[in-house]
Amino acid sequence: MNIEHLKTDILILGAGGAGLFAALHAQKANPDLDITVVSKGLLGKCGCTRMVQGGYNVALNPGDSVERHFMDTIEGGKWLPHQELAWTLVTKAIERVQELENEIGCFFDRNPDGTLHGKAFAGQTFDRTVHKGDLTGIEIINRLMEQVWARPVRRLEEHRAVALIPSPDGALSGVLLIDVRSGKFRFIAAQAVLLATGGGPTMYRYHTPSGDKSMDGLAMALRLGLPLRDMEMVQFHPTGLLAGPDTRMTGTVLEEGLRGAGGHLLNGAMHRFMADYDDKLERATRDVVSRAIDAEMRAGRTTKNGGVYIKMGHLGPANVAKLFKGMVDRCRDCGFDLAGGLVEVVPTAHYFMGGVVCEVDTTTERHGLFVAGEDASGMHGANRLGGNGVANSTVFGGIAGDVMPRWIAANPGFRPPDPQLLDAELARAQHPFSRKAGDLNALREKLLDTMWDEVGVVRDRASIGRGIAGINAIEAELLETGVTGDNRHFNVTWHDWLNLRSLCEVSRVIALAAAKRENSRGAHFRSDFPEPGDLATSAFTVARQSASGIEMTERPVEFTRVKPGQTLLAIAAE
Ligand SMILES: Cc1cc2nc3c(=O)[nH]c(=O)nc-3n(C[C@H](O)[C@H](O)[C@H](O)COP(=O)(O)OP(=O)(O)OC[C@H]3O[C@@H](n4cnc5c(N)ncnc54)[C@H](O)[C@@H]3O)c2cc1C
């Protein structure tokens with residue numbers, strides 16, 4: 001097979017908040033390094049950072065504190081977060097937001113006194129979500145993109161990473177890519193590689209992430225034998241738009257600020273049901289509200305399309321239209337009046353808390369490989385607070401950009417790829433060309449339903465077992481299903497096939513982790529184990545793939561800053 005070999009000092013996989021921040025920081029730290037950013041889509045037009053609606057959590061207000069933000073993160077994460085990662089997230093977020101405004105060129109909404117406006121987000125004890133209306137991500141990603149364009153950073157757009165290739169000594173050598181436009185393979189050797197492909201649980205019937213995300217990063221990390229943490233933790237956002245099966249708008253998120261601002265949820269019988277589930281009503285955390293909606297749906301108390309309603313009109317239609325212009329426009333496009341009427345919503349898979357085990361400095365177990373953003377794990381534990389996602393990607397992307405040049409200075413040199421593994425990955429990526437074409441979409445639909453029905457908002461042993469059997473059958477059928485002809489140029493069917501393979505691999509790990517956790521924490525709810533278990537002996541799941549299959553273990557959470565029953569606020573006040 002004819003493959004092009006290239007070299008770069010730092011190779012960044014992903015052009016979201018994590019990848020672009022890493023590129024800018026690395027270029028600043030050592031302008032002599034050659035830096036390459038690879039993205040499956042077009043720069044500025046792909047990934048989820050640009051889709052951020054609500055905003056960015058940061059403790060800037062004098063009435064707020066990093067300790068408060070930290071406690072909200074730990075309690076929201078049901079005591080499963082890695083506390084040093086969470087502490088780094090909340091403390092560095094301040095620096096990063098200032099950098100976004102003062103160096104990158106973002107301009108967020110302000111209070112009359114000129115300070116940054118913080119909006120209310122569910123599950124937080126302070127209104128600390130900084131934003132630009134409800135289109136915050138476009139502001140962030142456009143400005144980041146301009147800064148990257150202005151620097152000598154190589155961009156490989158519409159390039160798909162398919163495998164992380166080690167050298168024979170085990171250290172990372174580089175990455176195998178497909179140039180989507182030409183269909184050609186490229187192997188890029190790099191001294192340091194950042195994995196920042198942004199997770200994205202798009203294997204569920206209803207989901208919010210961008211279409212270019214199919215868990216490729218985690219599938220690649222799994223095949224490299226890296227440990228993956230908290231893989232059972234799929235966050236469902238309670239209010240995905242439900243506009244029928246014929247539009248891709250179904251599943252897209254209506255932001256949390258709607259509930260934060262006082263929106264009501266009504267079932268098909270027009271009953272405001274949240275009072276039946278939680279004292280915080282619609283401002284309960286995402287997991288609680290998603291389960292309440294799921295219960296209403298399972299009981300058949302649904303709207304025409306099978307979900308529930310969100311109602312905002314009682315807050316004043318003009319006010320709603322002003323505060324949530326983007327949402328109101330989007331709903332109007334789908335035939336709903338958000339400002340004054342009712343909009344059908346359904347829980348939708350939104351964010352993936354699981355990911356590669358990493359250290360605070362973004363290093364991983366594998367020499368030469370770093371991870372940041374939604375591909376990394378441990379910051380959020382069992383639940384990510386709305387507003388902590390983009391903070392996570394920008395904070396740790398920046399850290400990776402600071403650390404990689406120093407790491408290269410201490411560990412210089414390129415490492416040769418293991419030729420057998422490179423050949424095996426090349427063959428693997430071309431597998432569908434050796435099979436007869438089949439109905440890939442039918443397989444995708446089966447996977448969406450299997451994950452939604454069996455490993456979704458509520459799980460139990462039997463449903464997870466059915467889920468695993470279903471995923472295995474879908475993957476087996478996929479391996480016998482090919483794509484038509486041998487045209488590699490912009491062959492979207494080939495890429496659909498590869499997406500589906502990554503999704504099957506990661507879905508299986510989600511199901512195995514869900515089976516391993518025999519309690520209910522945050523986003524993971526087992527109807528056969530509905531209690532959270534003893535917080536003091538909290539453990540997180542770790543999955544690792546070896547030649548004999550996927551091994552699931554549990555490791556104890558280290559309470560390095562605060563133990564269950566304590567609070568940093570009380571300690572600070574003492
Ligand atoms: C609709 C929506 C609204 C959200 N709202 C908020 C919010 O209000 N506040 C908040 O904090 N968080 C929010 N989030 C979450 C937030 O967007 C993410 O947590 C964060 O932006 C992830 O950043 P990232 O850099 O890790 O990944 P992304 O920004 O998703 O970027 C991933 C990049 O990886 C590339 N990629 C993927 N696969 C490959 C591959 N195989 N090869 C090469 N490149 C690849 C993609 O093309 C993309 O460039 C929202 C998410 C969604 C979907």
# chains A, B, ... in the order shown; residues from 1 in each chain; ligands from 1
call {"tool": "select_by_dssp", "arguments": {"residues": "stretch 325-406 of chain A", "states": "strand (DSSP E)", "output": "list in words"}}
result
Leu342, Val343, Glu344, Val345, Val346, Pro347, Thr348, Ala349, His350, Tyr351, Phe352, Gly355, Val356, Leu369, Phe370 and Val371 of chain A
call {"tool": "write_last_selection", "arguments": {"atoms": "C-alpha atoms", "output": "short mmCIF file (atom, residue, chain, number, x, y, z; two decimals), in the first residue's frame"}}
result
data_model
loop_
_atom_site.label_atom_id
_atom_site.label_comp_id
_atom_site.auth_asym_id
_atom_site.auth_seq_id
_atom_site.Cartn_x
_atom_site.Cartn_y
_atom_site.Cartn_z
CA LEU A 342 -44.88 24.60 23.84
CA VAL A 343 -41.83 22.76 22.47
CA GLU A 344 -41.51 18.97 22.49
CA VAL A 345 -38.32 17.69 24.14
CA VAL A 346 -36.67 14.37 24.95
CA PRO A 347 -33.49 13.39 26.86
CA THR A 348 -30.56 13.27 24.49
CA ALA A 349 -27.04 11.83 24.85
CA HIS A 350 -24.89 14.91 25.20
CA TYR A 351 -21.53 14.44 26.81
CA PHE A 352 -19.20 11.62 27.71
CA GLY A 355 -12.21 8.74 28.68
CA VAL A 356 -8.50 8.14 28.80
CA LEU A 369 0.82 10.56 24.14
CA PHE A 370 -1.15 13.37 25.83
CA VAL A 371 -4.91 13.78 26.15
#
call {"tool": "closest_atom_pairs", "arguments": {"of": "chain A", "to": "ligand 1", "cutoff": "6 Å", "atoms": "only C-alpha atoms and all ligand atoms", "output": "CSV"}}
result
residue,atom,partner,partner_atom_place_in_ligand_line,distance
A:Leu13,CA,ligand 1,43 (C),5.1
A:Gly14,CA,ligand 1,34 (O),3.3
A:Ala15,CA,ligand 1,49 (O),3.6
A:Gly16,CA,ligand 1,29 (O),3.3
A:Gly17,CA,ligand 1,25 (O),4.0
A:Ala18,CA,ligand 1,25 (O),3.8
A:Gly19,CA,ligand 1,25 (O),5.6
A:Val38,CA,ligand 1,43 (C),5.4
A:Ser39,CA,ligand 1,44 (N),3.7
A:Lys40,CA,ligand 1,47 (O),4.0
A:Gly41,CA,ligand 1,47 (O),4.4
A:Cys46,CA,ligand 1,47 (O),4.9
A:Gly47,CA,ligand 1,30 (O),3.4
A:Cys48,CA,ligand 1,30 (O),3.6
A:Thr49,CA,ligand 1,21 (O),3.2
A:Met51,CA,ligand 1,2 (C),4.8
A:Val52,CA,ligand 1,5 (N),3.5
A:Gln53,CA,ligand 1,8 (O),4.3
A:Gly54,CA,ligand 1,8 (O),3.2
A:Gly55,CA,ligand 1,8 (O),4.2
A:Tyr56,CA,ligand 1,11 (O),5.2
A:His159,CA,ligand 1,43 (C),5.9
A:Arg160,CA,ligand 1,42 (N),3.8
A:Ala161,CA,ligand 1,42 (N),3.8
A:Val162,CA,ligand 1,41 (N),5.9
A:Ala196,CA,ligand 1,26 (O),5.4
A:Thr197,CA,ligand 1,34 (O),3.3
A:Gly198,CA,ligand 1,27 (O),3.4
A:Thr208,CA,ligand 1,53 (C),4.7
A:Pro209,CA,ligand 1,53 (C),3.8
A:Asp212,CA,ligand 1,47 (O),5.5
A:Lys213,CA,ligand 1,37 (C),4.9
A:Asp216,CA,ligand 1,41 (N),4.8
A:Val253,CA,ligand 1,1 (C),5.2
A:His350,CA,ligand 1,53 (C),5.8
A:Gly373,CA,ligand 1,26 (O),3.4
A:Glu374,CA,ligand 1,26 (O),4.0
A:Gly386,CA,ligand 1,9 (N),5.3
A:Gly387,CA,ligand 1,11 (O),3.1
A:Asn388,CA,ligand 1,11 (O),4.2
A:Gly389,CA,ligand 1,11 (O),3.4
A:Val390,CA,ligand 1,11 (O),3.9
A:Ala391,CA,ligand 1,11 (O),5.8
A:Ser393,CA,ligand 1,23 (O),4.8
call {"tool": "closest_residue", "arguments": {"among": "A:Ala150, A:Leu33, A:Ala171, A:Ala513", "to": "A:Val234", "atoms": "only C-alpha atoms"}}
result
A:Ala513
call {"tool": "closest_residue", "arguments": {"among": "A:Ala536, A:Thr91, A:Asp246, A:Leu172", "to": "A:Arg415", "atoms": "only C-alpha atoms"}}
result
A:Leu172
call {"tool": "select_by_dssp", "arguments": {"residues": "stretch 37-171 of chain A", "states": "alpha helix (DSSP H)", "output": "mmCIF file with N, CA, C and O atoms, in the first residue's frame"}}
result
data_model
loop_
_atom_site.group_PDB
_atom_site.id
_atom_site.type_symbol
_atom_site.label_atom_id
_atom_site.label_comp_id
_atom_site.auth_asym_id
_atom_site.auth_seq_id
_atom_site.Cartn_x
_atom_site.Cartn_y
_atom_site.Cartn_z
ATOM 1 N N VAL A 66 -13.371 29.758 44.030
ATOM 2 C CA VAL A 66 -12.972 28.500 43.380
ATOM 3 C C VAL A 66 -13.346 27.314 44.265
ATOM 4 O O VAL A 66 -13.668 26.234 43.761
ATOM 5 N N GLU A 67 -13.353 27.525 45.578
ATOM 6 C CA GLU A 67 -13.749 26.426 46.479
ATOM 7 C C GLU A 67 -15.209 26.057 46.222
ATOM 8 O O GLU A 67 -15.578 24.879 46.198
ATOM 9 N N ARG A 68 -16.031 27.075 46.002
ATOM 10 C CA ARG A 68 -17.463 26.805 45.751
ATOM 11 C C ARG A 68 -17.632 26.088 44.403
ATOM 12 O O ARG A 68 -18.392 25.135 44.291
ATOM 13 N N HIS A 69 -16.922 26.571 43.392
ATOM 14 C CA HIS A 69 -16.995 25.926 42.074
ATOM 15 C C HIS A 69 -16.508 24.472 42.194
ATOM 16 O O HIS A 69 -17.092 23.549 41.631
ATOM 17 N N PHE A 70 -15.436 24.280 42.960
ATOM 18 C CA PHE A 70 -14.886 22.934 43.159
ATOM 19 C C PHE A 70 -15.921 22.029 43.848
ATOM 20 O O PHE A 70 -16.171 20.901 43.405
ATOM 21 N N MET A 71 -16.524 22.534 44.922
ATOM 22 C CA MET A 71 -17.499 21.692 45.650
ATOM 23 C C MET A 71 -18.698 21.357 44.760
ATOM 24 O O MET A 71 -19.213 20.238 44.803
ATOM 25 N N ASP A 72 -19.141 22.311 43.963
ATOM 26 C CA ASP A 72 -20.254 22.017 43.043
ATOM 27 C C ASP A 72 -19.852 20.907 42.071
ATOM 28 O O ASP A 72 -20.643 20.018 41.743
ATOM 29 N N THR A 73 -18.590 20.973 41.610
ATOM 30 C CA THR A 73 -18.096 19.972 40.651
ATOM 31 C C THR A 73 -18.004 18.595 41.304
ATOM 32 O O THR A 73 -18.392 17.577 40.707
ATOM 33 N N ILE A 74 -17.503 18.557 42.543
ATOM 34 C CA ILE A 74 -17.335 17.271 43.231
ATOM 35 C C ILE A 74 -18.703 16.693 43.609
ATOM 36 O O ILE A 74 -18.970 15.497 43.399
ATOM 37 N N GLU A 75 -19.585 17.548 44.154
ATOM 38 C CA GLU A 75 -20.899 17.027 44.543
ATOM 39 C C GLU A 75 -21.725 16.668 43.317
ATOM 40 O O GLU A 75 -22.407 15.645 43.299
ATOM 41 N N GLY A 76 -21.630 17.483 42.280
ATOM 42 C CA GLY A 76 -22.319 17.153 41.022
ATOM 43 C C GLY A 76 -21.804 15.834 40.467
ATOM 44 O O GLY A 76 -22.560 15.036 39.926
ATOM 45 N N GLN A 83 -9.862 14.521 42.220
ATOM 46 C CA GLN A 83 -9.974 15.850 42.820
ATOM 47 C C GLN A 83 -8.891 16.813 42.332
ATOM 48 O O GLN A 83 -9.118 18.020 42.261
ATOM 49 N N GLU A 84 -7.726 16.315 41.976
ATOM 50 C CA GLU A 84 -6.676 17.228 41.483
ATOM 51 C C GLU A 84 -7.020 17.745 40.084
ATOM 52 O O GLU A 84 -6.746 18.901 39.756
ATOM 53 N N LEU A 85 -7.629 16.869 39.283
ATOM 54 C CA LEU A 85 -8.061 17.327 37.952
ATOM 55 C C LEU A 85 -9.176 18.372 38.099
ATOM 56 O O LEU A 85 -9.179 19.398 37.410
ATOM 57 N N ALA A 86 -10.119 18.101 39.006
ATOM 58 C CA ALA A 86 -11.234 19.038 39.198
ATOM 59 C C ALA A 86 -10.719 20.372 39.750
ATOM 60 O O ALA A 86 -11.178 21.451 39.336
ATOM 61 N N TRP A 87 -9.755 20.316 40.641
ATOM 62 C CA TRP A 87 -9.198 21.547 41.215
ATOM 63 C C TRP A 87 -8.485 22.358 40.119
ATOM 64 O O TRP A 87 -8.631 23.576 40.032
ATOM 65 N N THR A 88 -7.730 21.666 39.288
ATOM 66 C CA THR A 88 -7.042 22.347 38.180
ATOM 67 C C THR A 88 -8.070 22.999 37.256
ATOM 68 O O THR A 88 -7.897 24.145 36.821
ATOM 69 N N LEU A 89 -9.151 22.272 36.995
ATOM 70 C CA LEU A 89 -10.211 22.803 36.126
ATOM 71 C C LEU A 89 -10.750 24.129 36.672
ATOM 72 O O LEU A 89 -10.816 25.134 35.956
ATOM 73 N N VAL A 90 -11.130 24.138 37.944
ATOM 74 C CA VAL A 90 -11.806 25.339 38.466
ATOM 75 C C VAL A 90 -10.829 26.497 38.679
ATOM 76 O O VAL A 90 -11.206 27.658 38.512
ATOM 77 N N THR A 91 -9.592 26.202 39.030
ATOM 78 C CA THR A 91 -8.653 27.307 39.273
ATOM 79 C C THR A 91 -8.134 27.887 37.952
ATOM 80 O O THR A 91 -8.080 29.102 37.777
ATOM 81 N N LYS A 92 -7.796 27.028 37.019
ATOM 82 C CA LYS A 92 -7.246 27.515 35.731
ATOM 83 C C LYS A 92 -8.311 28.153 34.848
ATOM 84 O O LYS A 92 -7.982 28.875 33.896
ATOM 85 N N ALA A 93 -9.594 27.841 35.130
ATOM 86 C CA ALA A 93 -10.665 28.413 34.297
ATOM 87 C C ALA A 93 -10.618 29.939 34.355
ATOM 88 O O ALA A 93 -10.909 30.619 33.358
ATOM 89 N N ILE A 94 -10.218 30.480 35.491
ATOM 90 C CA ILE A 94 -10.174 31.948 35.637
ATOM 91 C C ILE A 94 -9.154 32.532 34.661
ATOM 92 O O ILE A 94 -9.451 33.442 33.879
ATOM 93 N N GLU A 95 -7.956 31.962 34.709
ATOM 94 C CA GLU A 95 -6.890 32.395 33.803
ATOM 95 C C GLU A 95 -7.336 32.260 32.338
ATOM 96 O O GLU A 95 -7.094 33.129 31.513
ATOM 97 N N ARG A 96 -8.011 31.134 32.042
ATOM 98 C CA ARG A 96 -8.357 30.846 30.653
ATOM 99 C C ARG A 96 -9.415 31.817 30.130
ATOM 100 O O ARG A 96 -9.348 32.256 28.972
ATOM 101 N N VAL A 97 -10.392 32.164 30.961
ATOM 102 C CA VAL A 97 -11.420 33.110 30.492
ATOM 103 C C VAL A 97 -10.792 34.475 30.267
ATOM 104 O O VAL A 97 -11.097 35.162 29.284
ATOM 105 N N GLN A 98 -9.860 34.863 31.134
ATOM 106 C CA GLN A 98 -9.180 36.149 30.927
ATOM 107 C C GLN A 98 -8.360 36.110 29.642
ATOM 108 O O GLN A 98 -8.325 37.074 28.872
ATOM 109 N N GLU A 99 -7.745 34.973 29.397
ATOM 110 C CA GLU A 99 -6.966 34.803 28.159
ATOM 111 C C GLU A 99 -7.902 34.882 26.939
ATOM 112 O O GLU A 99 -7.573 35.506 25.926
ATOM 113 N N THR A 136 -22.346 30.907 22.654
ATOM 114 C CA THR A 136 -21.006 31.126 23.218
ATOM 115 C C THR A 136 -19.915 30.408 22.423
ATOM 116 O O THR A 136 -18.819 30.930 22.233
ATOM 117 N N GLY A 137 -20.221 29.203 21.976
ATOM 118 C CA GLY A 137 -19.197 28.395 21.312
ATOM 119 C C GLY A 137 -18.728 29.004 20.006
ATOM 120 O O GLY A 137 -17.550 28.893 19.638
ATOM 121 N N ILE A 138 -19.640 29.656 19.287
ATOM 122 C CA ILE A 138 -19.254 30.258 18.007
ATOM 123 C C ILE A 138 -18.262 31.389 18.270
ATOM 124 O O ILE A 138 -17.265 31.548 17.555
ATOM 125 N N GLU A 139 -18.519 32.155 19.321
ATOM 126 C CA GLU A 139 -17.578 33.229 19.683
ATOM 127 C C GLU A 139 -16.202 32.639 19.999
ATOM 128 O O GLU A 139 -15.171 33.117 19.512
ATOM 129 N N ILE A 140 -16.195 31.565 20.802
ATOM 130 C CA ILE A 140 -14.910 30.992 21.222
ATOM 131 C C ILE A 140 -14.171 30.378 20.031
ATOM 132 O O ILE A 140 -12.999 30.660 19.791
ATOM 133 N N ILE A 141 -14.857 29.564 19.262
ATOM 134 C CA ILE A 141 -14.138 28.811 18.226
ATOM 135 C C ILE A 141 -13.724 29.731 17.067
ATOM 136 O O ILE A 141 -12.647 29.557 16.488
ATOM 137 N N ASN A 142 -14.549 30.725 16.733
ATOM 138 C CA ASN A 142 -14.156 31.632 15.644
ATOM 139 C C ASN A 142 -12.898 32.406 15.994
ATOM 140 O O ASN A 142 -11.990 32.556 15.174
ATOM 141 N N ARG A 143 -12.849 32.900 17.245
ATOM 142 C CA ARG A 143 -11.663 33.679 17.634
ATOM 143 C C ARG A 143 -10.439 32.764 17.713
ATOM 144 O O ARG A 143 -9.344 33.145 17.306
ATOM 145 N N LEU A 144 -10.608 31.554 18.236
ATOM 146 C CA LEU A 144 -9.476 30.614 18.304
ATOM 147 C C LEU A 144 -8.976 30.290 16.901
ATOM 148 O O LEU A 144 -7.774 30.253 16.637
ATOM 149 N N MET A 145 -9.921 30.075 16.004
ATOM 150 C CA MET A 145 -9.572 29.727 14.622
ATOM 151 C C MET A 145 -8.744 30.859 13.988
ATOM 152 O O MET A 145 -7.724 30.614 13.350
ATOM 153 N N GLU A 146 -9.179 32.107 14.201
ATOM 154 C CA GLU A 146 -8.443 33.240 13.622
ATOM 155 C C GLU A 146 -7.013 33.289 14.156
ATOM 156 O O GLU A 146 -6.063 33.560 13.414
ATOM 157 N N GLN A 147 -6.878 33.011 15.448
ATOM 158 C CA GLN A 147 -5.534 33.059 16.046
ATOM 159 C C GLN A 147 -4.651 31.951 15.468
ATOM 160 O O GLN A 147 -3.462 32.162 15.237
ATOM 161 N N VAL A 148 -5.243 30.782 15.257
ATOM 162 C CA VAL A 148 -4.452 29.671 14.694
ATOM 163 C C VAL A 148 -4.072 29.981 13.246
ATOM 164 O O VAL A 148 -2.936 29.765 12.822
ATOM 165 N N TRP A 149 -5.044 30.529 12.486
ATOM 166 C CA TRP A 149 -4.756 30.902 11.092
ATOM 167 C C TRP A 149 -3.575 31.884 11.007
ATOM 168 O O TRP A 149 -2.807 31.869 10.056
#
call {"tool": "closest_residue", "arguments": {"among": "A:Asn472, A:Thr541, A:Ser507, A:Gln191", "to": "A:Met203", "atoms": "only C-alpha atoms"}}
result
A:Ser507
